[in-house]
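K.L.:
I have a structure I would like to understand better, so I am pasting it below and will then ask my questions one at a time.
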Amino acid sequence: MLPWKRVLRPLTALLFAAAVATVPAATAHASSAPSTGWNDYSCRPSAAHPRPVILVHGTLGNSVDNWLSLAPYLEDRGYCVFSLDYGQLSGVPLFYGLGPIDKSAEQLSAYVDKVLSATGAAKADLVGHSQGGMMPRYYLKFLGGAAKVNALVGLAPDNHGATISGLANLLPYFPGAADLIKATTPGLADQIPDSAFLTKLNAGGDTVPGVHYTVVATKYDEVATPWRSQYLSGSDVHNVLLQDLCSLDLSEHVAIGLFDRIAFHEVANALDPAHATATSCAAAFS
């Protein structure tokens with residue numbers, strides 16, 4: 001075996017392991033997502049919260065594990081909350097978001113239609129973590145989603161790629177590594193900065209008219225790095241750094257999506273800006 005091939009294999013494994021670290025170990029199969037309260041298709045949005053909220057998990061997440069905290073948080077506040085699975089690779093259970101991201105966006109499109117049909121709502125709001133905060137932008141921009149979505153809220157979204165604390169920048173030094181990742185986990189390859197997917201997604205501007213965008217980032221992010229690359233540019237964009245809301249918040253890429261109630265408070269503000277309240281460290285206890 002050539003020396004570079006001996007190095008390539010562990011490097012690829014390391015990249016994959018770093019991505020795996022962005023989500024907790026799966027504790028429930030995605031198909032077991034709750035059917036009452038959260039993912040309750042009999043739920044009808046109220047006058048106070050007229051749009052269903054669709055939660056979009058991150059890479060290697062699923063419709064259950066990624067939302068064990070945020071889904072009940074929003075449901076307790078009167079929202080109809082739904083979550084989907086997308087981007088499954090053949091033979092890979094539990095861990096989703098690994099398929100080509102443009103195809104995942106098509107799955108999101110079908111799911112939004114399903115939720116709107118079930119609830120009778122004209123539009124939905126989307127909240128996504130990591131890839132789940134970025135992938136919907138493809139749906140909005142290329143698949144007609146802007147007519148069906150009011151707001152997109154991203155928690156640590158890798159809108160311009162994820163270097164995984166610089167690890168992805170090493171790929172050019174290992175011939176064949178990028179091709180191997182693309183062949184085996186195209187969803188990861190699409191998130192490498194300057195990939196063909198990201199180049200298409202961001203060409204001509206980050207946003208589309210008619211959709212309200214919010215990005216909540218953390219300076220301790222170790223995956224969607226550099227963290228400022230998460231921010232969007234556009235006329236209807238609210239970019240916020242978690243530590244500007246609470247300097248004591250140490251959440252990194254995983255925690256901001258899984259259990260950070262300060263970030264969740266900012267999500268609630270984005271979903272209902274007319275009744276928004278200041279987000280501070282005290283939101284951790286709200």
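By convention in this document, the chains of the structure tokens carry letters A, B, ... by their order, each chain's residues are numbered from 1, and ligands are numbered from 1 in the order they are shown.
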Using only C-alpha atoms, what table do you get, as CSV, when you list each residue of range 95-158 of chain A with an atom no more than 10 Å from range 235-241 of chain A, its nearest pair of atoms, and their distance in Å rounded to one decimal, rows by chain then rising number?

P.N.:
```
residue,atom,partner,partner_atom,distance
A:Ala151,CA,A:Asp236,CA,10.0
A:Leu152,CA,A:Val237,CA,9.8
A:Val153,CA,A:His238,CA,9.3
A:Gly154,CA,A:Asn239,CA,9.6
A:Ala156,CA,A:Leu241,CA,9.7
```

K.L.:
Considering only C-alpha atoms, tabulate each residue of range 187-266 of chain A that lies at most 12 Å from range 167-174 of chain A along with its nearest interatomic pair and the corresponding distance in Å to one decimal; arrange the rows by chain and ascending residue number and present them as CSV.

P.N.:
```
residue,atom,partner,partner_atom,distance
A:Leu188,CA,A:Ala168,CA,10.5
A:Ala189,CA,A:Ala168,CA,9.8
A:Asp190,CA,A:Ala168,CA,11.9
A:Gln191,CA,A:Ala168,CA,9.8
A:Ile192,CA,A:Ala168,CA,6.8
A:Pro193,CA,A:Ala168,CA,8.3
A:Asp194,CA,A:Asn169,CA,10.9
A:Ser195,CA,A:Ala168,CA,11.5
A:Glu222,CA,A:Leu167,CA,10.2
A:Val223,CA,A:Leu167,CA,9.3
A:Ala224,CA,A:Ala168,CA,10.8
A:Thr225,CA,A:Leu167,CA,9.9
A:Pro226,CA,A:Leu167,CA,11.6
```

K.L.:
Print the selection's residues with N, CA and C atoms to a file, as a PDB file, in the first residue's frame.

P.N.:
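selection-v2.pdb was written with the following content:
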```
ATOM      1  N   LEU A 188     -21.533  15.029   3.729  1.00  0.00           N
ATOM      2  CA  LEU A 188     -20.363  15.649   4.350  1.00  0.00           C
ATOM      3  C   LEU A 188     -19.554  16.418   3.312  1.00  0.00           C
ATOM      4  N   ALA A 189     -19.384  15.834   2.139  1.00  0.00           N
ATOM      5  CA  ALA A 189     -18.608  16.485   1.081  1.00  0.00           C
ATOM      6  C   ALA A 189     -19.239  17.813   0.677  1.00  0.00           C
ATOM      7  N   ASP A 190     -20.573  17.859   0.644  1.00  0.00           N
ATOM      8  CA  ASP A 190     -21.261  19.086   0.263  1.00  0.00           C
ATOM      9  C   ASP A 190     -21.027  20.213   1.252  1.00  0.00           C
ATOM     10  N   GLN A 191     -20.633  19.892   2.472  1.00  0.00           N
ATOM     11  CA  GLN A 191     -20.431  20.914   3.498  1.00  0.00           C
ATOM     12  C   GLN A 191     -18.995  21.403   3.596  1.00  0.00           C
ATOM     13  N   ILE A 192     -18.114  20.846   2.786  1.00  0.00           N
ATOM     14  CA  ILE A 192     -16.740  21.333   2.745  1.00  0.00           C
ATOM     15  C   ILE A 192     -16.729  22.698   2.069  1.00  0.00           C
ATOM     16  N   PRO A 193     -16.086  23.703   2.658  1.00  0.00           N
ATOM     17  CA  PRO A 193     -16.081  25.034   2.047  1.00  0.00           C
ATOM     18  C   PRO A 193     -15.667  25.000   0.580  1.00  0.00           C
ATOM     19  N   ASP A 194     -16.362  25.785  -0.226  1.00  0.00           N
ATOM     20  CA  ASP A 194     -16.117  25.899  -1.665  1.00  0.00           C
ATOM     21  C   ASP A 194     -16.523  24.655  -2.446  1.00  0.00           C
ATOM     22  N   SER A 195     -17.315  23.772  -1.835  1.00  0.00           N
ATOM     23  CA  SER A 195     -17.845  22.640  -2.586  1.00  0.00           C
ATOM     24  C   SER A 195     -18.755  23.158  -3.697  1.00  0.00           C
ATOM     25  N   GLU A 222     -16.851  24.340  17.238  1.00  0.00           N
ATOM     26  CA  GLU A 222     -15.660  23.640  16.773  1.00  0.00           C
ATOM     27  C   GLU A 222     -15.898  22.924  15.450  1.00  0.00           C
ATOM     28  N   VAL A 223     -17.096  23.069  14.897  1.00  0.00           N
ATOM     29  CA  VAL A 223     -17.448  22.370  13.658  1.00  0.00           C
ATOM     30  C   VAL A 223     -17.699  23.357  12.524  1.00  0.00           C
ATOM     31  N   ALA A 224     -18.707  24.213  12.665  1.00  0.00           N
ATOM     32  CA  ALA A 224     -19.014  25.219  11.654  1.00  0.00           C
ATOM     33  C   ALA A 224     -18.084  26.406  11.862  1.00  0.00           C
ATOM     34  N   THR A 225     -16.852  26.195  11.478  1.00  0.00           N
ATOM     35  CA  THR A 225     -15.791  27.168  11.728  1.00  0.00           C
ATOM     36  C   THR A 225     -15.257  27.721  10.409  1.00  0.00           C
ATOM     37  N   PRO A 226     -14.735  28.970  10.430  1.00  0.00           N
ATOM     38  CA  PRO A 226     -14.816  29.923  11.546  1.00  0.00           C
ATOM     39  C   PRO A 226     -16.264  30.322  11.816  1.00  0.00           C
TER      40      PRO A 226
END
```

K.L.:
DSSP says strand (DSSP E or B) for which residues of range 136-250 of chain A? Put them as a list in words?

P.N.:
Val149, Asn150, Ala151, Leu152, Val153, Gly154, Leu155, His212, Tyr213, Thr214, Val215, Val216, Ala217, Val237, His238, Asn239, Val240 and Leu241 of chain A

K.L.:
Show me, as a list in words, the residues that have an atom within 9 Å of range 81-83 of chain A when counting only C-alpha atoms, minus same-chain residues fewer than 5 positions from it.

P.N.:
Ala33, Gly37, Trp38, Asn39, Asp40, Tyr41, Cys43, Pro52, Val53, Ile54, Leu55, Val56, His57, Asn62, Ser63, Val64, Trp67, Ala71, Pro72, Leu74, Glu75, Tyr111 and Val115 of chain A

K.L.:
I'd like the contact shell of Gln131 in chain A - 6 Å cut-off, only C-alpha atoms, skipping same-chain residues fewer than 6 positions apart - returned as a PyMOL selection string.

P.N.:
chain A and resi 58-59+157

K.L.:
Go ahead and write the selection's residues with all heavy atoms as a compact mmCIF listing (two decimals), in the first residue's frame.

P.N.:
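Written output follows (selection.txt):
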```txt
# COMPACT_ATOMS: atom_id res chain seq x y z
N GLY A 58 -29.47 18.11 12.31
CA GLY A 58 -28.16 18.28 11.72
C GLY A 58 -27.59 16.98 11.18
O GLY A 58 -28.22 15.92 11.22
N THR A 59 -26.37 17.06 10.68
CA THR A 59 -25.68 15.89 10.15
C THR A 59 -25.54 14.82 11.23
O THR A 59 -25.13 15.11 12.35
CB THR A 59 -24.28 16.27 9.64
OG1 THR A 59 -24.40 17.35 8.71
CG2 THR A 59 -23.59 15.10 8.98
N PRO A 157 -25.61 27.15 12.00
CA PRO A 157 -25.70 26.62 10.64
C PRO A 157 -24.38 26.81 9.89
O PRO A 157 -23.73 27.85 10.01
CB PRO A 157 -26.80 27.48 10.02
CG PRO A 157 -26.67 28.80 10.70
CD PRO A 157 -26.26 28.47 12.13
```

K.L.:
May I ask which of the residues A:Gln243, A:Asn202, A:Ser46, A:Ser109 is the closest one to His160 in chain A, counting only C-alpha atoms?

P.N.:
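Going through A:Gln243, A:Asn202, A:Ser46, A:Ser109 one by one, the smallest distance to His160 in chain A is for A:Asn202.
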